[in-house]
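Trainee: Take a look at this one; I'll ask things after.
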Amino acid sequence: MARPTSSGNLPPGARAVRRQGAAAGAAVLAVAGLVLAGLGEPSSAAAAEGARAPGAHSAPDPDLVRAMSRDLGLTASEAETRLGNEAAAAATSRALRTALGDSFVGAHVSGRTAERLTVATTDAAERSRITEAGATARVVTRDLGALDRVQKALDRAAARSAPKDVPVWYIDTVRNDVVVEARSTSAAHALLKRADVDRDAVTVRRTTAEPRPLADLRGGDAYYMNGSGRCSIGFSVTRGGQGGFVTAGHCGTPGTSTSGYNQQPQGSFQGSTFPGRDYAWVAANSSWTPRPLVNGYGGGDVTVAGSTEAPVGSSVCRSGSTTGWHCGTIQQRNTSVTYPQGTVSGVTRTTVCAEPGDSGGSFISGSQAQGMTSGGSGDCTSGGTTFFHPVNPALQAYGLTLVTSGGGGPTDPPDQGTWAAGTAYRVGDQVTYDGVTYRCVQAHTAQPGWNPQDAPSLWSRA
C-alpha cells in the first residue's frame, strides 16, 4: 500500500500547527481529538459526568458553540438551538428508518437552525407516518437499493481502472440520484460506460478537485509513525482490556509503531484498511489512558458521549493538528473518492475545511462521534471539501468499543439482523443487517467486520 509522505513534523509538546501555502487539491488529512489526553484515574467530577446518559449534557460545549458561530455564521443562541434540533432529528430519522424499512430513502435537515427534518420514502402510503413523527415527507422514485447498485457498479469499474479525472461520486439522497464529479465530461461518460449504469440515475458535475492523501502526521494531539510522519488521533477505543484509538487507514500499516505528541513511545497499528476504506486502529501502551475527549483547540476539550449518526445537513466540527477546530455541514453520505492510491468508498462529504496534517482526526456533531478525517480539497483560507470515514464501521470491523463519557460503546450500534459471523453463505442467500436486506454475491464464510454494510464485494442490497 502506498503510504502518504510527511510534509513536516511537530516539535515535541507543540499544539496546533498552522501550515502556510497548503496545496489546494483534495487530500487525506491529519486531524484528531485529544483522545489519550492524560494519565491516571478520572476525577470525581468526571465520574459524575459519566454517570449521566450519553448526550444528556445541560448545555453544549462553549468551544464547540464558538467554532460553529465562526464557521457557520450563527449567533451563540442559534448554534445551541441548531445542536438541539439536530439531536432530535437524529433520533427521529433513526426511528423512521426502522419503521419504514426498505421504503426509507434518507433524511436531511435544513434551515438556519436545522429546524426542518425531511424524510424520503418510495411509498406514498407512509406520508402520514412521517408527518406524525414531526418530519416533512417526500415521495421519491428510486429506493436506496437502486442507488446503491449504481454506486457499487461505479466502484467496481474504478477498481479495475482508476478514473484519473473522476475524483468523486456519491449517493445524493436529497436529489434521489447518484452524482459523479469529474474534471472532464468525457472522463465521466467513459466511467459510466464501463460501469454500465442507468444514465437517468446519474448527474455529472464539473469539478477542479484533485484528491490526494494529506498525511502530514496529530489528533486533539498528534502522533508520529515510525518516528517520522505525523497523523492525528480520531477517538479513544478499547478492545477487551486494551486501550487505543481509531484513525485513518492511510496513516500506517499493521506493525507500524507510533509515538505521542511528546515523542514518547505510544503503541502500534493493529489493523488498517486503505484504499477501499480508510480506517485503522492503534493499540496504546500502559502509559496512555484512553479518554472520551476531543481537543477543542480553544482552551477546552469536547466530551464524546456516543456515536449516533447525524442526518445530512447537520452541523459537524473537525479537530486537527494543523488547523485546529473548524465546522461545517454534512453534505452526503455513501460517497466514493479516488486518491492516487485508489478509490475509497463509504466516506461522508462535508463543507468543513482541512489541510495537510489533519488526517485521521475527529469529526464530531454535538457530543456524538461521526468519523475520522480522510481527505479533501482546498484549505482553511479559501475553504474546501473534506471527507471523513464513519466511525461505527471501523468499530465494527475491528471489534472495538468507543470510549464515551458514560463508559460504554456506541449509542447507535448496527442491528445485526439475521447476518452472523461464522456462517457459510452461498450466492443468492439473503440476510438482514441494520434494517436492510442484502443478497450474497460471492460465496464465503463470514468473519467479524465482513458485515453486508461494509463488504460490498460480498453483499449487495436485495
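By convention in this document, the chains of the C-alpha cells carry letters A, B, ... by their order, each chain's residues are numbered from 1, and ligands are numbered from 1 in the order they are shown.
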Excluding Gln368 of chain A and its own-chain neighbours fewer than 2 positions away, which residues fall within 12 Å of it when counting only C-alpha atoms? Please give them as a ChimeraX atom specification.
Mentor: /A:54-57,60,83,86-87,90,235,292-294,302-311,314-317,362-366,370-371,390-392,402-405,409-412
Trainee: Where in segment 130-341 of chain A does DSSP assign helix (DSSP H, G or I), given as an MDAnalysis selection string?
Mentor: chainID A and resid 130:132 144:160 185:195 199:201 249:251
Trainee: Do you know which residues are at most 8 Å from segment 348-352 of chain A counting only C-alpha atoms, after dropping those on the same chain fewer than 3 positions away, and could you put them as a VMD selection string?
Mentor: chain A and resid 316 to 318 326 to 335 383 to 390
Trainee: Name all residues at most 12 Å from Ser77 of chain A (count only C-alpha atoms; drop same-chain ones fewer than 2 positions away) and give them as a ChimeraX atom specification.
Mentor: /A:59-60,62,65-66,68-69,73-75,79-84,112-113
Trainee: For the residues in the current selection, export N, CA and C atoms as a PDB file, in the first residue's frame.
Mentor:
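In the end it all went to selection.pdb:
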```
ATOM      1  N   ALA A  59     -25.764  21.823  28.791  1.00  0.00           N
ATOM      2  CA  ALA A  59     -25.521  22.864  27.796  1.00  0.00           C
ATOM      3  C   ALA A  59     -24.423  22.397  26.862  1.00  0.00           C
ATOM      4  N   PRO A  60     -24.446  22.844  25.592  1.00  0.00           N
ATOM      5  CA  PRO A  60     -23.397  22.454  24.651  1.00  0.00           C
ATOM      6  C   PRO A  60     -22.038  22.978  25.095  1.00  0.00           C
ATOM      7  N   PRO A  62     -18.948  25.127  25.178  1.00  0.00           N
ATOM      8  CA  PRO A  62     -18.805  26.511  24.698  1.00  0.00           C
ATOM      9  C   PRO A  62     -17.822  26.663  23.551  1.00  0.00           C
ATOM     10  N   VAL A  65     -19.611  25.666  20.423  1.00  0.00           N
ATOM     11  CA  VAL A  65     -20.543  26.719  20.022  1.00  0.00           C
ATOM     12  C   VAL A  65     -19.797  27.857  19.343  1.00  0.00           C
ATOM     13  N   ARG A  66     -18.633  28.245  19.895  1.00  0.00           N
ATOM     14  CA  ARG A  66     -17.852  29.333  19.297  1.00  0.00           C
ATOM     15  C   ARG A  66     -17.380  28.958  17.894  1.00  0.00           C
ATOM     16  N   MET A  68     -18.764  26.795  15.808  1.00  0.00           N
ATOM     17  CA  MET A  68     -19.920  26.805  14.918  1.00  0.00           C
ATOM     18  C   MET A  68     -20.320  28.224  14.554  1.00  0.00           C
ATOM     19  N   SER A  69     -20.283  29.110  15.527  1.00  0.00           N
ATOM     20  CA  SER A  69     -20.630  30.512  15.266  1.00  0.00           C
ATOM     21  C   SER A  69     -19.694  31.112  14.232  1.00  0.00           C
ATOM     22  N   GLY A  73     -21.569  31.074  10.662  1.00  0.00           N
ATOM     23  CA  GLY A  73     -22.201  32.387  10.688  1.00  0.00           C
ATOM     24  C   GLY A  73     -23.426  32.467  11.576  1.00  0.00           C
ATOM     25  N   LEU A  74     -23.404  31.723  12.684  1.00  0.00           N
ATOM     26  CA  LEU A  74     -24.531  31.692  13.605  1.00  0.00           C
ATOM     27  C   LEU A  74     -24.239  32.499  14.861  1.00  0.00           C
ATOM     28  N   THR A  75     -25.282  32.965  15.521  1.00  0.00           N
ATOM     29  CA  THR A  75     -25.102  33.506  16.858  1.00  0.00           C
ATOM     30  C   THR A  75     -24.950  32.328  17.819  1.00  0.00           C
ATOM     31  N   ALA A  79     -26.571  28.613  17.385  1.00  0.00           N
ATOM     32  CA  ALA A  79     -25.767  27.392  17.387  1.00  0.00           C
ATOM     33  C   ALA A  79     -26.311  26.384  18.394  1.00  0.00           C
ATOM     34  N   GLU A  80     -26.678  26.860  19.580  1.00  0.00           N
ATOM     35  CA  GLU A  80     -27.226  25.967  20.603  1.00  0.00           C
ATOM     36  C   GLU A  80     -28.570  25.394  20.160  1.00  0.00           C
ATOM     37  N   THR A  81     -29.397  26.227  19.543  1.00  0.00           N
ATOM     38  CA  THR A  81     -30.691  25.752  19.047  1.00  0.00           C
ATOM     39  C   THR A  81     -30.485  24.704  17.959  1.00  0.00           C
ATOM     40  N   ARG A  82     -29.528  24.954  17.084  1.00  0.00           N
ATOM     41  CA  ARG A  82     -29.261  24.011  15.998  1.00  0.00           C
ATOM     42  C   ARG A  82     -28.817  22.660  16.544  1.00  0.00           C
ATOM     43  N   LEU A  83     -27.934  22.659  17.521  1.00  0.00           N
ATOM     44  CA  LEU A  83     -27.479  21.394  18.113  1.00  0.00           C
ATOM     45  C   LEU A  83     -28.648  20.608  18.695  1.00  0.00           C
ATOM     46  N   GLY A  84     -29.563  21.305  19.377  1.00  0.00           N
ATOM     47  CA  GLY A  84     -30.730  20.627  19.933  1.00  0.00           C
ATOM     48  C   GLY A  84     -31.631  20.051  18.852  1.00  0.00           C
ATOM     49  N   ARG A 112     -31.702  27.454   8.906  1.00  0.00           N
ATOM     50  CA  ARG A 112     -30.559  28.045   9.596  1.00  0.00           C
ATOM     51  C   ARG A 112     -30.232  27.316  10.897  1.00  0.00           C
ATOM     52  N   THR A 113     -31.246  26.882  11.614  1.00  0.00           N
ATOM     53  CA  THR A 113     -31.023  26.170  12.870  1.00  0.00           C
ATOM     54  C   THR A 113     -31.470  24.710  12.769  1.00  0.00           C
TER      55      THR A 113
END
```
Trainee: Near segment 167-183 of chain A, within 8 Å and counting only C-alpha atoms, which residues show up once chain neighbours fewer than 2 positions away are dropped, as a PyMOL selection string?
Mentor: chain A and resi 105-108+120+140-142+147-148+150-151+163-165+185+187-188+201-211+332-339
Trainee: Measure the distance from atom CA of Arg291 of chain A to atom CA of Cys251 of chain A in Å and round it to one decimal.
Mentor: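 Taking atom CA of Arg291 of chain A and atom CA of Cys251 of chain A, their separation equals 21.4 Å.
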Trainee: Can you work out which one of A:Leu400, A:Ala135, A:Met372, A:Ala421 has the shortest atom-to-atom distance to Ala95 of chain A, counting only C-alpha atoms?
Mentor: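 Result for the nearest residue to Ala95 of chain A: A:Ala135.
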Trainee: Can you check which residues of segment 130-341 of chain A DSSP gives as strand (DSSP E) on the backbone and send them as a ChimeraX atom specification?
Mentor: /A:136-139,168-172,177-182,202-206,222-225,229-232,235-239,242-247,257-260,265-273,279-284,293-295,301-303,315-320,324-339
Trainee: Restricting the calculation to only C-alpha atoms, which member of A:Gly324, A:Gly360, A:Gly417, A:Gly428 is positioned closest to Gly249 of chain A?
Mentor: A:Gly360
Trainee: For Leu192 of chain A, which residue among A:Gly375, A:Val166, A:Gly435, A:Val139 is the nearest when counting only C-alpha atoms?
Mentor: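 Using only C-alpha atoms, the shortest distance to Leu192 of chain A belongs to A:Val166.
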Trainee: Mind giving me the straight-line distance from atom CA of Ala89 of chain A to atom CA of Ala369 of chain A in Å, one decimal?
Mentor: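 Atom-to-atom, atom CA of Ala89 of chain A to atom CA of Ala369 of chain A, that is 16.0 Å.
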Trainee: So that I can see what lies close to Glu126 of chain A, please list as a tab-separated table (two decimals) with all heavy atoms, in the first residue's frame the residues with an atom at most 10 Å from it, counting only C-alpha atoms and leaving out residues fewer than 5 positions away in the same chain.
Mentor:
```tsv
chain	number	residue	atom	x	y	z
A	99	ALA	N	-38.88	2.02	11.09
A	99	ALA	CA	-40.31	1.86	10.82
A	99	ALA	C	-40.62	1.72	9.34
A	99	ALA	O	-41.49	0.93	8.94
A	99	ALA	CB	-41.09	3.04	11.40
A	100	LEU	N	-39.89	2.45	8.50
A	100	LEU	CA	-40.19	2.44	7.06
A	100	LEU	C	-39.53	1.29	6.32
A	100	LEU	O	-39.94	0.93	5.22
A	100	LEU	CB	-39.73	3.76	6.43
A	100	LEU	CG	-40.40	5.04	6.95
A	100	LEU	CD1	-39.82	6.26	6.26
A	100	LEU	CD2	-41.91	4.98	6.76
A	103	SER	N	-38.49	1.12	2.33
A	103	SER	CA	-39.03	2.31	1.66
A	103	SER	C	-38.35	3.59	2.12
A	103	SER	O	-38.57	4.66	1.55
A	103	SER	CB	-40.55	2.41	1.89
A	103	SER	OG	-40.84	2.84	3.21
A	104	PHE	N	-37.50	3.50	3.17
A	104	PHE	CA	-36.75	4.67	3.66
A	104	PHE	C	-35.64	5.00	2.67
A	104	PHE	O	-34.85	4.14	2.30
A	104	PHE	CB	-36.17	4.36	5.03
A	104	PHE	CG	-35.30	5.47	5.60
A	104	PHE	CD1	-35.86	6.51	6.32
A	104	PHE	CD2	-33.93	5.45	5.43
A	104	PHE	CE1	-35.07	7.51	6.86
A	104	PHE	CE2	-33.12	6.44	5.96
A	104	PHE	CZ	-33.69	7.48	6.68
A	120	ALA	N	-37.35	10.97	3.11
A	120	ALA	CA	-37.80	10.50	1.80
A	120	ALA	C	-38.23	9.04	1.87
A	120	ALA	O	-37.64	8.24	2.61
A	120	ALA	CB	-36.69	10.66	0.77
A	121	THR	N	-39.25	8.71	1.09
A	121	THR	CA	-39.75	7.33	1.03
A	121	THR	C	-40.23	7.03	-0.38
A	121	THR	O	-40.61	7.94	-1.13
A	121	THR	CB	-40.92	7.13	2.02
A	121	THR	OG1	-41.40	5.78	1.91
A	121	THR	CG2	-42.07	8.08	1.74
A	131	THR	N	-45.14	12.34	8.77
A	131	THR	CA	-45.60	13.64	9.30
A	131	THR	C	-46.02	13.53	10.77
A	131	THR	O	-45.83	14.48	11.53
A	131	THR	CB	-46.78	14.17	8.46
A	131	THR	OG1	-47.82	13.18	8.40
A	131	THR	CG2	-46.32	14.48	7.04
A	137	ALA	N	-42.58	14.81	4.77
A	137	ALA	CA	-42.47	13.62	3.92
A	137	ALA	C	-42.19	14.01	2.47
A	137	ALA	O	-42.72	15.00	1.97
A	137	ALA	CB	-43.76	12.81	4.00
A	138	ARG	N	-41.35	13.21	1.81
A	138	ARG	CA	-41.05	13.42	0.40
A	138	ARG	C	-41.08	12.07	-0.29
A	138	ARG	O	-40.35	11.15	0.11
A	138	ARG	CB	-39.68	14.08	0.25
A	138	ARG	CG	-39.26	14.30	-1.20
A	138	ARG	CD	-38.04	15.21	-1.26
A	138	ARG	NE	-37.50	15.29	-2.60
A	138	ARG	CZ	-36.37	14.71	-2.99
A	138	ARG	NH1	-35.65	14.03	-2.10
A	138	ARG	NH2	-35.93	14.81	-4.23
A	139	VAL	N	-41.90	11.91	-1.30
A	139	VAL	CA	-42.00	10.65	-2.03
A	139	VAL	C	-41.09	10.71	-3.25
A	139	VAL	O	-41.14	11.66	-4.04
A	139	VAL	CB	-43.46	10.37	-2.47
A	139	VAL	CG1	-43.54	9.06	-3.25
A	139	VAL	CG2	-44.37	10.32	-1.25
```
Trainee: Rank nothing, just name the residue among A:Thr445, A:Glu78, A:His189, A:Ala455 nearest to Tyr433 of chain A, using only C-alpha atoms.
Mentor: A:Ala455
Trainee: Record the distance separating atom CA of Ser345 of chain A and atom CA of Val431 of chain A, expressed in Å with one decimal.
Mentor: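 According to the coordinates, atom CA of Ser345 of chain A and atom CA of Val431 of chain A are separated by 21.9 Å.
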Trainee: So which residues touch segment 457-461 of chain A within 10 Å, counting only C-alpha atoms, skipping near sequence neighbours fewer than 3 positions away, as an MDAnalysis selection string?
Mentor: chainID A and resid 102 144:149 152 155:156 425 427:432 436:444 446 450:454
